[in-house]
file entry18.pdb (PDB, C-alpha atoms and all ligand atoms)
ATOM      1  CA  MET C 131       4.001  24.530  30.002
ATOM      2  CA  VAL C 132       3.410  20.747  30.149
ATOM      3  CA  ASN C 133      -0.006  19.165  29.629
ATOM      4  CA  ALA C 134      -1.986  18.468  32.797
ATOM      5  CA  GLN C 135      -1.572  14.690  33.073
ATOM      6  CA  SER C 136      -2.043  11.795  35.430
ATOM      7  CA  TYR C 137       0.998  10.247  37.098
ATOM      8  CA  PRO C 138       3.266   8.380  36.617
ATOM      9  CA  ARG C 139       3.936  10.054  33.279
ATOM     10  CA  PRO C 140       5.719   8.206  30.460
ATOM     11  CA  ILE C 141       9.116   9.763  29.795
ATOM     12  CA  ILE C 142      12.211   8.927  27.816
ATOM     13  CA  ILE C 143      15.644  10.294  28.631
ATOM     14  CA  ASP C 144      18.004  10.798  25.678
ATOM     15  CA  THR C 145      21.559  11.091  26.950
ATOM     16  CA  ASP C 146      25.248  11.280  26.062
ATOM     17  CA  GLY C 147      26.262   9.426  29.201
ATOM     18  CA  GLY C 148      28.348  11.932  31.150
ATOM     19  CA  VAL C 149      28.619  12.798  34.819
ATOM     20  CA  ASP C 150      25.751  15.276  35.052
ATOM     21  CA  ASP C 151      23.704  12.925  32.870
ATOM     22  CA  ALA C 152      24.268  10.248  35.530
ATOM     23  CA  LEU C 153      22.981  12.498  38.320
ATOM     24  CA  ALA C 154      19.946  13.358  36.160
ATOM     25  CA  ILE C 155      19.191   9.679  35.522
ATOM     26  CA  ILE C 156      19.432   8.912  39.258
ATOM     27  CA  MET C 157      16.800  11.609  39.877
ATOM     28  CA  ALA C 158      14.517  10.218  37.171
ATOM     29  CA  LEU C 159      14.858   6.623  38.408
ATOM     30  CA  ASN C 160      13.903   7.750  41.928
ATOM     31  CA  CYS C 161      10.981   9.938  40.885
ATOM     32  CA  ASP C 162       7.586   8.254  41.330
ATOM     33  CA  ARG C 163       5.940  10.833  39.035
ATOM     34  CA  PHE C 164       7.846   9.346  36.120
ATOM     35  CA  ASP C 165       7.427   6.067  34.285
ATOM     36  CA  LEU C 166      10.890   6.010  32.661
ATOM     37  CA  LYS C 167      10.137   3.898  29.602
ATOM     38  CA  ALA C 168      13.599   3.984  28.074
ATOM     39  CA  VAL C 169      16.960   5.666  28.098
ATOM     40  CA  THR C 170      18.165   6.310  24.565
ATOM     41  CA  VAL C 171      21.857   6.972  24.135
ATOM     42  CA  LEU C 172      24.104   8.786  21.669
ATOM     43  CA  ALA C 173      27.646  10.076  21.256
ATOM     44  CA  GLY C 174      28.465  13.392  22.911
ATOM     45  CA  ASN C 175      30.428  13.610  26.124
ATOM     46  CA  ILE C 176      31.780  10.181  25.263
ATOM     47  CA  ASP C 177      31.294   7.590  22.484
ATOM     48  CA  VAL C 178      27.886   5.927  22.274
ATOM     49  CA  HIS C 179      29.107   2.509  23.498
ATOM     50  CA  GLN C 180      30.713   3.926  26.640
ATOM     51  CA  ALA C 181      27.714   6.206  27.150
ATOM     52  CA  ALA C 182      25.390   3.173  27.100
ATOM     53  CA  ASN C 183      27.655   1.373  29.544
ATOM     54  CA  ASN C 184      27.560   4.431  31.809
ATOM     55  CA  VAL C 185      23.760   4.448  31.780
ATOM     56  CA  LEU C 186      23.753   0.743  32.669
ATOM     57  CA  ARG C 187      26.192   1.537  35.493
ATOM     58  CA  VAL C 188      23.796   4.116  36.939
ATOM     59  CA  ILE C 189      20.889   1.653  36.731
ATOM     60  CA  ASP C 190      23.062  -0.995  38.422
ATOM     61  CA  ILE C 191      23.895   1.485  41.225
ATOM     62  CA  VAL C 192      20.264   2.613  41.783
ATOM     63  CA  GLN C 193      18.673  -0.851  41.352
ATOM     64  CA  PRO C 194      15.194   0.455  40.352
ATOM     65  CA  LYS C 195      12.214  -1.951  40.619
ATOM     66  CA  HIS C 196      11.551  -1.567  36.885
ATOM     67  CA  PRO C 197      14.835  -0.934  35.050
ATOM     68  CA  PRO C 198      14.253   1.033  31.828
ATOM     69  CA  LEU C 199      15.276  -0.252  28.434
ATOM     70  CA  VAL C 200      18.668   1.164  27.329
ATOM     71  CA  ALA C 201      19.051   1.561  23.568
ATOM     72  CA  LYS C 202      22.012   2.875  21.585
ATOM     73  CA  GLY C 203      21.511   5.420  18.799
ATOM     74  CA  CYS C 204      23.713   7.762  16.840
ATOM     75  CA  GLU C 205      27.468   7.241  16.927
ATOM     76  CA  LYS C 206      28.220  10.689  15.491
ATOM     77  CA  PRO C 207      26.590  14.009  14.641
ATOM     78  CA  LEU C 208      24.459  14.348  11.494
ATOM     79  CA  LEU C 209      27.114  16.188   9.494
ATOM     80  CA  ARG C 210      29.939  17.339  11.785
ATOM     81  CA  PRO C 211      32.900  15.216  12.889
ATOM     82  CA  PRO C 212      32.509  13.706  16.389
ATOM     83  CA  PHE C 213      33.537  15.997  19.272
ATOM     84  CA  ASN C 214      33.667  14.743  22.864
ATOM     85  CA  ALA C 215      34.213  16.088  26.394
ATOM     86  CA  ALA C 216      36.372  13.294  27.794
ATOM     87  CA  GLY C 217      38.667  15.989  29.163
ATOM     88  CA  ILE C 218      35.833  17.176  31.405
ATOM     89  CA  HIS C 219      33.934  14.001  32.318
ATOM     90  CA  GLY C 220      36.957  11.659  32.404
ATOM     91  CA  ALA C 221      38.119   9.111  29.820
ATOM     92  CA  ASP C 222      35.156   6.812  30.653
ATOM     93  CA  GLY C 223      32.667   9.707  30.874
ATOM     94  CA  LEU C 224      32.031   8.961  34.568
ATOM     95  CA  GLY C 225      35.119  10.254  36.323
ATOM     96  CA  GLU C 226      37.298   7.177  35.602
ATOM     97  CA  LEU C 227      35.556   4.827  37.998
ATOM     98  CA  HIS C 228      38.218   2.122  37.568
ATOM     99  CA  ARG C 229      40.378   4.130  40.029
ATOM    100  CA  PHE C 230      38.160   3.318  42.996
ATOM    101  CA  LYS C 231      38.675   0.279  45.239
ATOM    102  CA  ASN C 232      36.758  -1.140  48.191
ATOM    103  CA  ALA C 233      38.420  -1.483  51.615
ATOM    104  CA  ASP C 234      39.318  -5.092  50.730
ATOM    105  CA  GLY C 235      41.081  -3.944  47.573
ATOM    106  CA  THR C 236      38.397  -5.189  45.145
ATOM    107  CA  GLU C 237      37.094  -2.930  42.374
ATOM    108  CA  ARG C 238      34.312  -0.683  43.643
ATOM    109  CA  TYR C 239      32.872  -0.597  40.120
ATOM    110  CA  PRO C 240      33.632  -3.984  38.507
ATOM    111  CA  GLN C 241      32.972  -4.699  34.844
ATOM    112  CA  LEU C 242      29.226  -4.883  34.146
ATOM    113  CA  THR C 243      27.729  -8.073  32.691
ATOM    114  CA  VAL C 244      24.477  -6.471  31.495
ATOM    115  CA  GLN C 245      24.249  -5.238  27.902
ATOM    116  CA  PRO C 246      22.117  -2.531  26.265
ATOM    117  CA  SER C 247      19.044  -3.611  24.275
ATOM    118  CA  SER C 248      19.554  -4.771  20.698
ATOM    119  CA  GLU C 249      16.814  -2.286  19.739
ATOM    120  CA  ASN C 250      17.967   0.910  18.020
ATOM    121  CA  ALA C 251      17.290   4.154  19.890
ATOM    122  CA  ILE C 252      15.608   5.787  16.889
ATOM    123  CA  GLU C 253      13.068   2.954  16.677
ATOM    124  CA  VAL C 254      12.521   3.137  20.457
ATOM    125  CA  LEU C 255      11.821   6.883  20.204
ATOM    126  CA  LEU C 256       9.384   6.441  17.298
ATOM    127  CA  LYS C 257       7.568   3.511  18.928
ATOM    128  CA  ALA C 258       7.116   5.533  22.120
ATOM    129  CA  ALA C 259       5.898   8.582  20.173
ATOM    130  CA  GLU C 260       3.333   6.364  18.450
ATOM    131  CA  GLU C 261       2.251   4.629  21.661
ATOM    132  CA  TYR C 262       2.162   7.541  24.107
ATOM    133  CA  GLY C 263       1.714  10.564  21.845
ATOM    134  CA  LYS C 264       0.954  13.777  23.695
ATOM    135  CA  ASP C 265       1.462  12.037  27.068
ATOM    136  CA  LEU C 266       5.138  11.461  26.291
ATOM    137  CA  THR C 267       7.852  13.843  27.457
ATOM    138  CA  ILE C 268      11.386  13.382  26.159
ATOM    139  CA  VAL C 269      14.172  14.862  28.285
ATOM    140  CA  ALA C 270      17.165  15.453  25.999
ATOM    141  CA  LEU C 271      20.457  15.666  27.867
ATOM    142  CA  GLY C 272      22.935  15.506  25.007
ATOM    143  CA  PRO C 273      23.295  16.595  21.387
ATOM    144  CA  LEU C 274      19.971  16.279  19.539
ATOM    145  CA  THR C 275      21.200  13.821  16.905
ATOM    146  CA  ASN C 276      18.904  10.937  17.949
ATOM    147  CA  ILE C 277      15.817  13.148  18.017
ATOM    148  CA  ALA C 278      16.656  14.830  14.708
ATOM    149  CA  THR C 279      17.238  11.409  13.121
ATOM    150  CA  ALA C 280      13.866  10.203  14.428
ATOM    151  CA  LEU C 281      12.257  13.300  12.851
ATOM    152  CA  GLN C 282      14.046  12.579   9.555
ATOM    153  CA  THR C 283      12.935   8.940   9.723
ATOM    154  CA  ASN C 284       9.240   9.563  10.456
ATOM    155  CA  ARG C 285       8.380  13.217  11.053
ATOM    156  CA  ASN C 286       4.624  12.700  11.449
ATOM    157  CA  THR C 287       5.100  10.094  14.164
ATOM    158  CA  MET C 288       7.761  12.058  16.046
ATOM    159  CA  GLN C 289       5.580  15.169  15.964
ATOM    160  CA  LYS C 290       3.065  13.301  18.157
ATOM    161  CA  VAL C 291       5.400  13.728  21.162
ATOM    162  CA  GLY C 292       3.927  15.955  23.884
ATOM    163  CA  ARG C 293       7.042  17.940  24.753
ATOM    164  CA  ILE C 294      10.823  17.791  24.547
ATOM    165  CA  ILE C 295      12.706  19.327  27.453
ATOM    166  CA  ILE C 296      16.151  20.128  26.096
ATOM    167  CA  MET C 297      19.304  20.739  28.089
ATOM    168  CA  GLY C 298      21.133  22.955  25.650
ATOM    169  CA  GLY C 299      21.789  26.385  24.297
ATOM    170  CA  ALA C 300      21.975  29.779  25.936
ATOM    171  CA  VAL C 301      19.850  32.899  25.447
ATOM    172  CA  THR C 302      21.247  35.722  27.569
ATOM    173  CA  VAL C 303      24.664  34.283  28.530
ATOM    174  CA  PRO C 304      27.760  33.139  26.569
ATOM    175  CA  GLY C 305      28.330  29.569  25.531
ATOM    176  CA  ASN C 306      30.533  27.139  27.417
ATOM    177  CA  ILE C 307      32.404  25.112  24.800
ATOM    178  CA  SER C 308      32.865  28.279  22.708
ATOM    179  CA  ALA C 309      32.080  31.946  23.253
ATOM    180  CA  ALA C 310      28.899  31.442  21.216
ATOM    181  CA  ALA C 311      27.771  27.850  21.768
ATOM    182  CA  GLU C 312      26.737  25.472  24.526
ATOM    183  CA  PHE C 313      28.274  21.968  24.175
ATOM    184  CA  ASN C 314      25.194  19.950  23.117
ATOM    185  CA  PHE C 315      24.304  22.437  20.378
ATOM    186  CA  PHE C 316      27.961  22.854  19.393
ATOM    187  CA  VAL C 317      28.427  19.111  18.828
ATOM    188  CA  ASP C 318      25.451  18.872  16.462
ATOM    189  CA  PRO C 319      24.051  22.264  15.410
ATOM    190  CA  ASP C 320      22.305  20.741  12.388
ATOM    191  CA  ALA C 321      20.330  18.373  14.628
ATOM    192  CA  ALA C 322      19.470  21.201  17.011
ATOM    193  CA  GLN C 323      18.083  23.333  14.163
ATOM    194  CA  ILE C 324      16.018  20.387  12.866
ATOM    195  CA  VAL C 325      14.451  20.081  16.331
ATOM    196  CA  MET C 326      13.860  23.864  16.488
ATOM    197  CA  GLU C 327      11.866  23.538  13.214
ATOM    198  CA  SER C 328      10.007  20.383  14.310
ATOM    199  CA  GLY C 329       6.813  21.985  15.637
ATOM    200  CA  ILE C 330       7.080  19.815  18.775
ATOM    201  CA  PRO C 331       6.524  21.822  22.013
ATOM    202  CA  LEU C 332      10.021  22.569  23.319
ATOM    203  CA  THR C 333      11.381  23.757  26.655
ATOM    204  CA  LEU C 334      14.985  24.950  26.618
ATOM    205  CA  VAL C 335      16.925  24.451  29.846
ATOM    206  CA  GLY C 336      19.998  26.399  28.817
ATOM    207  CA  LEU C 337      23.079  27.829  30.451
ATOM    208  CA  ASP C 338      21.014  30.842  31.562
ATOM    209  CA  VAL C 339      19.543  28.673  34.340
ATOM    210  CA  ALA C 340      21.970  25.720  34.520
ATOM    211  CA  MET C 341      24.707  28.033  35.741
ATOM    212  CA  LYS C 342      22.538  29.478  38.516
ATOM    213  CA  ALA C 343      22.406  26.202  40.490
ATOM    214  CA  PRO C 344      25.956  25.015  41.141
ATOM    215  CA  LEU C 345      26.757  22.092  43.441
ATOM    216  CA  SER C 346      29.911  22.380  45.548
ATOM    217  CA  ARG C 347      32.432  19.574  46.158
ATOM    218  CA  GLN C 348      32.060  20.228  49.879
ATOM    219  CA  ALA C 349      28.284  19.650  49.683
ATOM    220  CA  VAL C 350      28.788  16.344  47.824
ATOM    221  CA  GLU C 351      31.380  15.093  50.315
ATOM    222  CA  GLU C 352      29.302  16.164  53.315
ATOM    223  CA  TYR C 353      26.214  14.487  51.833
ATOM    224  CA  ALA C 354      28.119  11.234  51.278
ATOM    225  CA  LYS C 355      29.316  11.323  54.926
ATOM    226  CA  GLN C 356      25.877  12.110  56.363
ATOM    227  CA  HIS C 357      23.973   9.754  54.040
ATOM    228  CA  PRO C 358      26.383   6.873  53.342
ATOM    229  CA  SER C 359      25.042   4.671  50.543
ATOM    230  CA  VAL C 360      26.104   3.097  47.253
ATOM    231  CA  VAL C 361      24.433   6.012  45.452
ATOM    232  CA  SER C 362      26.000   8.815  47.496
ATOM    233  CA  GLN C 363      29.426   7.136  47.210
ATOM    234  CA  PHE C 364      28.955   6.827  43.435
ATOM    235  CA  ILE C 365      28.021  10.518  43.203
ATOM    236  CA  ALA C 366      31.128  11.506  45.173
ATOM    237  CA  ASP C 367      33.312   9.234  43.017
ATOM    238  CA  CYS C 368      31.973  10.080  39.552
ATOM    239  CA  THR C 369      31.954  13.860  40.179
ATOM    240  CA  GLU C 370      35.560  14.083  41.430
ATOM    241  CA  ILE C 371      37.278  14.698  38.052
ATOM    242  CA  TYR C 372      34.319  16.741  36.733
ATOM    243  CA  MET C 373      34.485  19.055  39.748
ATOM    244  CA  ALA C 374      38.267  19.335  39.524
ATOM    245  CA  PHE C 375      37.775  20.614  35.961
ATOM    246  CA  TYR C 376      35.538  23.390  37.315
ATOM    247  CA  ARG C 377      38.001  24.138  40.124
ATOM    248  CA  ASP C 378      40.846  24.516  37.635
ATOM    249  CA  ASN C 379      38.921  26.261  34.856
ATOM    250  CA  GLU C 380      35.833  27.969  36.273
ATOM    251  CA  GLY C 381      37.217  29.092  39.624
ATOM    252  CA  PHE C 382      34.971  27.089  41.906
ATOM    253  CA  TYR C 383      35.337  23.555  43.274
ATOM    254  CA  GLY C 384      32.049  22.050  42.235
ATOM    255  CA  CYS C 385      29.991  21.745  39.080
ATOM    256  CA  TYR C 386      26.950  23.026  37.267
ATOM    257  CA  LEU C 387      23.937  20.703  37.230
ATOM    258  CA  HIS C 388      22.914  21.117  33.604
ATOM    259  CA  ASP C 389      21.199  17.761  33.073
ATOM    260  CA  PRO C 390      19.747  17.322  36.588
ATOM    261  CA  LEU C 391      18.029  20.698  36.140
ATOM    262  CA  ALA C 392      16.415  19.510  32.904
ATOM    263  CA  VAL C 393      14.972  16.536  34.796
ATOM    264  CA  GLY C 394      13.977  18.907  37.597
ATOM    265  CA  VAL C 395      12.022  21.033  35.114
ATOM    266  CA  ALA C 396      10.294  17.897  33.785
ATOM    267  CA  ILE C 397       9.241  17.058  37.347
ATOM    268  CA  ASP C 398       8.265  20.575  38.414
ATOM    269  CA  PRO C 399       8.042  23.237  35.678
ATOM    270  CA  SER C 400       7.381  25.862  38.370
ATOM    271  CA  LEU C 401      11.101  25.726  39.246
ATOM    272  CA  VAL C 402      11.808  28.009  36.271
ATOM    273  CA  SER C 403      10.405  31.093  34.604
ATOM    274  CA  THR C 404      10.310  30.954  30.812
ATOM    275  CA  GLU C 405       9.935  33.252  27.824
ATOM    276  CA  SER C 406       8.345  32.001  24.636
ATOM    277  CA  VAL C 407      10.771  32.921  21.847
ATOM    278  CA  TYR C 408      11.563  32.255  18.212
ATOM    279  CA  MET C 409      14.907  30.459  18.257
ATOM    280  CA  VAL C 410      17.280  29.284  15.565
ATOM    281  CA  VAL C 411      20.603  27.477  15.871
ATOM    282  CA  GLU C 412      23.526  28.673  13.757
ATOM    283  CA  THR C 413      24.814  25.897  11.490
ATOM    284  CA  GLU C 414      27.105  27.895   9.169
ATOM    285  CA  GLY C 415      29.034  30.315  11.391
ATOM    286  CA  LYS C 416      32.826  30.111  11.398
ATOM    287  CA  PHE C 417      32.891  31.544  14.941
ATOM    288  CA  THR C 418      29.264  31.020  15.958
ATOM    289  CA  SER C 419      28.421  27.457  14.922
ATOM    290  CA  GLY C 420      25.992  25.969  17.464
ATOM    291  CA  MET C 421      24.890  29.356  18.788
ATOM    292  CA  SER C 422      21.236  29.413  19.889
ATOM    293  CA  LEU C 423      19.836  32.737  18.737
ATOM    294  CA  ALA C 424      16.535  33.882  20.254
ATOM    295  CA  ASP C 425      14.673  36.787  18.622
ATOM    296  CA  ARG C 426      13.720  38.908  21.654
ATOM    297  CA  ARG C 427      13.286  42.197  19.769
ATOM    298  CA  ASP C 428      10.172  44.193  20.639
ATOM    299  CA  ARG C 429       9.462  44.780  16.923
ATOM    300  CA  ARG C 430       9.828  41.135  15.839
ATOM    301  CA  ASP C 431       7.317  39.790  13.278
ATOM    302  CA  GLU C 432       5.630  36.864  15.028
ATOM    303  CA  THR C 433       3.927  35.695  11.858
ATOM    304  CA  ALA C 434       7.258  35.321  10.023
ATOM    305  CA  ALA C 435       9.048  34.071  13.127
ATOM    306  CA  PRO C 436       6.502  32.447  15.487
ATOM    307  CA  PRO C 437       7.756  31.435  18.949
ATOM    308  CA  ASN C 438       8.991  27.817  18.891
ATOM    309  CA  VAL C 439      10.664  27.424  22.295
ATOM    310  CA  ASP C 440       9.838  28.123  25.949
ATOM    311  CA  ALA C 441      13.294  29.306  27.025
ATOM    312  CA  CYS C 442      14.099  29.122  30.740
ATOM    313  CA  LEU C 443      15.536  32.425  31.917
ATOM    314  CA  ASP C 444      15.418  32.091  35.687
ATOM    315  CA  VAL C 445      15.329  29.299  38.261
ATOM    316  CA  ASP C 446      14.491  28.892  41.944
ATOM    317  CA  ALA C 447      17.882  27.344  42.683
ATOM    318  CA  ASP C 448      17.107  26.579  46.338
ATOM    319  CA  ARG C 449      13.942  24.667  45.484
ATOM    320  CA  PHE C 450      15.756  22.811  42.695
ATOM    321  CA  LEU C 451      18.625  21.759  44.972
ATOM    322  CA  LYS C 452      16.061  20.611  47.576
ATOM    323  CA  LEU C 453      14.427  18.437  44.872
ATOM    324  CA  LEU C 454      17.842  17.083  43.835
ATOM    325  CA  TYR C 455      18.622  15.952  47.376
ATOM    326  CA  GLU C 456      15.169  14.361  47.678
ATOM    327  CA  LEU C 457      15.852  12.284  44.577
ATOM    328  CA  ILE C 458      19.450  11.097  44.952
TER     329      ILE C 458
HETATM  330  O1  LIG Q 501      26.729  22.019  28.164
HETATM  331  C1  LIG Q 501      26.383  21.046  29.119
HETATM  332  C2  LIG Q 501      25.844  19.813  28.472
HETATM  333  O2  LIG Q 501      26.853  19.211  27.656
HETATM  334  C3  LIG Q 501      25.447  18.726  29.482
HETATM  335  O3  LIG Q 501      24.397  17.966  28.965
HETATM  336  C4  LIG Q 501      26.685  17.897  29.583
HETATM  337  O4  LIG Q 501      26.420  16.557  29.987
HETATM  338  C5  LIG Q 501      27.157  17.898  28.151
HETATM  339  O5  LIG Q 501      26.402  16.927  27.451
HETATM  340 CA    CA Q 502      24.680  15.528  28.798
END
call {"tool": "encode", "arguments": {"input": "entry18.pdb", "output": "structure tokens", "more": "lines below"}}
Ligand code: RIB
Ligand code: CA
result
Amino acid sequence: MVNAQSYPRPIIIDTDGGVDDALAIIMALNCDRFDLKAVTVLAGNIDVHQAANNVLRVIDIVQPKHPPLVAKGCEKPLLRPPFNAAGIHGADGLGELHRFKNADGTERYPQLTVQPSSENAIEVLLKAAEEYGKDLTIVALGPLTNIATALQTNRNTMQKVGRIIIMGGAVTVPGNISAAAEFNFFVDPDAAQIVMESGIPLTLVGLDVAMKAPLSRQAVEEYAKQHPSVVSQFIADCTEIYMAFYRDNEGFYGCYLHDPLAVGVAIDPSLVSTESVYMVVETEGKFTSGMSLADRRDRRDETAAPPNVDACLDVDADRFLKLLYELI
């Protein structure tokens, strides 16, 4: 599914700065198989400025030897009005970290002094595509607005990218933000369809697999007790509101690991089984906007509708969770 390559591999994470994005970025920062060149940011879970600040917060918590460049991109979807998930990820997108204090009463997460790069995310994506070409993997954890804009800006260059691993969509299960659509595709269906038509090798890490590897609140709290650290405390803190949303709305006290699974698939594609399908994303539907529709008919015409996505349909959840714990 991914080209056989030497390690560390150049990757870029494109993110909308929410709670599961943060866990995914922690994994990527701690993975020695990755050379995380940049984190490009856009509006989705939260506005692009807060999302960039959240990425910088994660980098400040992890303190990697070589911090990646953080570059802001699109402030809103290509055509649709902005739509966020502050009700799920907290008003700051990271579980409202201002609530937490140290034993001495000081802020556990004080205001950051570091700023994102002045470079624009679209330029960062295109420069990396030009420099790394087929060696580059982009892991897209939010709406696909940045990637679609890069394609609209310089399609030939962007098409040099080796693979895009997309957290988004759903093939055999309902949506999450609507009956038909997963959040990232719902926010910017036009961008998602542009990426579907791009010709770039795509892996779709959709709700079909993301919802098969939940993480319980109890597991997070136990982990933080058994492995006390700045990172494990941050994970317990930033997931508190996110997990309460699942407790109150999805019937279990925990959360799905959408974005961490996308990073997991980038690290070890054998975690999932995939089906190569022809996929489109609905951009017109009154009730179905953002729906990812895969043509899985036996009689489909593969010349008229050639497969364009490796869609993940199953996951070895135990092996993925083991990898998650190794990397947080
Ligand atoms: O539907 C889940 C996706 O939407 C995740 O990437 C989450 O962070 C939100 O962006
Ligand atoms: Ca996300």
call {"tool": "closest_residue", "arguments": {"input": "entry18.pdb", "among": "C:Ala152, C:Ile397, C:Arg163, C:Val350", "to": "Ser362 (chain C)", "atoms": "all atoms listed in the file"}}
result
C:Val350
call {"tool": "resolve_selection", "arguments": {"input": "entry18.pdb", "expression": "the PyMOL selection byres (((chain C and resi 288) around 12) and not hetatm)", "output": "PDB file with C-alpha atoms, keeping the file's coordinate frame"}}
result
ATOM      1  CA  ILE C 252      15.608   5.787  16.889  1.00  0.00           C
ATOM      2  CA  GLU C 253      13.068   2.954  16.677  1.00  0.00           C
ATOM      3  CA  VAL C 254      12.521   3.137  20.457  1.00  0.00           C
ATOM      4  CA  LEU C 255      11.821   6.883  20.204  1.00  0.00           C
ATOM      5  CA  LEU C 256       9.384   6.441  17.298  1.00  0.00           C
ATOM      6  CA  LYS C 257       7.568   3.511  18.928  1.00  0.00           C
ATOM      7  CA  ALA C 258       7.116   5.533  22.120  1.00  0.00           C
ATOM      8  CA  ALA C 259       5.898   8.582  20.173  1.00  0.00           C
ATOM      9  CA  GLU C 260       3.333   6.364  18.450  1.00  0.00           C
ATOM     10  CA  GLU C 261       2.251   4.629  21.661  1.00  0.00           C
ATOM     11  CA  TYR C 262       2.162   7.541  24.107  1.00  0.00           C
ATOM     12  CA  GLY C 263       1.714  10.564  21.845  1.00  0.00           C
ATOM     13  CA  LYS C 264       0.954  13.777  23.695  1.00  0.00           C
ATOM     14  CA  LEU C 266       5.138  11.461  26.291  1.00  0.00           C
ATOM     15  CA  THR C 267       7.852  13.843  27.457  1.00  0.00           C
ATOM     16  CA  ILE C 268      11.386  13.382  26.159  1.00  0.00           C
ATOM     17  CA  ASN C 276      18.904  10.937  17.949  1.00  0.00           C
ATOM     18  CA  ILE C 277      15.817  13.148  18.017  1.00  0.00           C
ATOM     19  CA  ALA C 278      16.656  14.830  14.708  1.00  0.00           C
ATOM     20  CA  THR C 279      17.238  11.409  13.121  1.00  0.00           C
ATOM     21  CA  ALA C 280      13.866  10.203  14.428  1.00  0.00           C
ATOM     22  CA  LEU C 281      12.257  13.300  12.851  1.00  0.00           C
ATOM     23  CA  GLN C 282      14.046  12.579   9.555  1.00  0.00           C
ATOM     24  CA  THR C 283      12.935   8.940   9.723  1.00  0.00           C
ATOM     25  CA  ASN C 284       9.240   9.563  10.456  1.00  0.00           C
ATOM     26  CA  ARG C 285       8.380  13.217  11.053  1.00  0.00           C
ATOM     27  CA  ASN C 286       4.624  12.700  11.449  1.00  0.00           C
ATOM     28  CA  THR C 287       5.100  10.094  14.164  1.00  0.00           C
ATOM     29  CA  GLN C 289       5.580  15.169  15.964  1.00  0.00           C
ATOM     30  CA  LYS C 290       3.065  13.301  18.157  1.00  0.00           C
ATOM     31  CA  VAL C 291       5.400  13.728  21.162  1.00  0.00           C
ATOM     32  CA  GLY C 292       3.927  15.955  23.884  1.00  0.00           C
ATOM     33  CA  ARG C 293       7.042  17.940  24.753  1.00  0.00           C
ATOM     34  CA  ILE C 294      10.823  17.791  24.547  1.00  0.00           C
ATOM     35  CA  VAL C 325      14.451  20.081  16.331  1.00  0.00           C
ATOM     36  CA  SER C 328      10.007  20.383  14.310  1.00  0.00           C
ATOM     37  CA  GLY C 329       6.813  21.985  15.637  1.00  0.00           C
ATOM     38  CA  ILE C 330       7.080  19.815  18.775  1.00  0.00           C
ATOM     39  CA  PRO C 331       6.524  21.822  22.013  1.00  0.00           C
TER      40      PRO C 331
END
call {"tool": "residues_near_ligand", "arguments": {"input": "entry18.pdb", "ligand": "ligand LIG 501 (chain Q)", "cutoff": "6 Å", "atoms": "only C-alpha atoms and all ligand atoms", "output": "MDAnalysis selection string"}}
result
chainID C and resid 146 148 150:151 175 271:272 297 312:314 388:389
call {"tool": "resolve_selection", "arguments": {"input": "entry18.pdb", "expression": "the PyMOL selection byres (((chain C and resi 338) around 9) and not hetatm)", "output": "JSON, numbers by chain"}}
result
{"C": [299, 300, 301, 302, 303, 304, 335, 336, 337, 339, 340, 341, 342, 442, 443, 444, 445]}
call {"tool": "atom_distance", "arguments": {"input": "entry18.pdb", "atom1": "CA of Gly298 (chain C)", "atom2": "CA of Ala366 (chain C)"}}
result
24.7 Å
call {"tool": "resolve_selection", "arguments": {"input": "entry18.pdb", "expression": "the PyMOL selection byres (((chain C and resi 166) around 10) and not hetatm)", "output": "list in words"}}
result
Pro138, Arg139, Pro140, Ile141, Ile142, Ile143, Ile155, Ala158, Leu159, Asn160, Cys161, Asp162, Arg163, Phe164, Asp165, Lys167, Ala168, Val169, His196, Pro197, Pro198, Leu199, Thr267 and Ile268 of chain C
call {"tool": "residues_around", "arguments": {"input": "entry18.pdb", "residues": "Tyr383 (chain C)", "least_positions_apart": "5", "cutoff": "10 Å", "atoms": "all atoms listed in the file", "output": "list of chain:residue names"}}
result
C:Pro344, C:Leu345, C:Ser346, C:Arg347, C:Gln348, C:Glu370, C:Tyr372, C:Met373, C:Ala374, C:Phe375, C:Tyr376, C:Arg377, C:Asp378
call {"tool": "closest_residue", "arguments": {"input": "entry18.pdb", "among": "C:Ser136, C:Val200, C:Ala392, C:Ile324", "to": "ligand CA 502 (chain Q)", "atoms": "only C-alpha atoms and all ligand atoms"}}
result
C:Ala392
call {"tool": "closest_residue", "arguments": {"input": "entry18.pdb", "among": "C:Tyr386, C:Tyr239, C:Tyr353, C:Phe230", "to": "ligand CA 502 (chain Q)", "atoms": "all atoms listed in the file"}}
result
C:Tyr386
call {"tool": "residues_around", "arguments": {"input": "entry18.pdb", "residues": "Val395 (chain C)", "least_positions_apart": "4", "cutoff": "10 Å", "atoms": "only C-alpha atoms", "output": "PyMOL selection string"}}
result
chain C and resi 132+269+295-296+333-335+389-391+399-402+442+445+450
call {"tool": "axis_aligned_box", "arguments": {"input": "entry18.pdb", "around": "region 355-367 of chain C", "padding_each_side": "4 Å", "output": "JSON"}}
result
{"center_x": 28.6, "center_y": 7.6, "center_z": 49.7, "size_x": 17.3, "size_y": 17.0, "size_z": 21.3}
call {"tool": "atom_distance", "arguments": {"input": "entry18.pdb", "atom1": "CA of Asp448 (chain C)", "atom2": "CA of His357 (chain C)"}}
result
19.7 Å
call {"tool": "closest_residue", "arguments": {"input": "entry18.pdb", "among": "C:Asn250, C:Asn183, C:Asn306, C:Thr145", "to": "ligand CA 502 (chain Q)", "atoms": "all atoms listed in the file"}}
result
C:Thr145
call {"tool": "atom_distance", "arguments": {"input": "entry18.pdb", "atom1": "CA of Cys204 (chain C)", "atom2": "CA of Val185 (chain C)"}}
result
15.3 Å
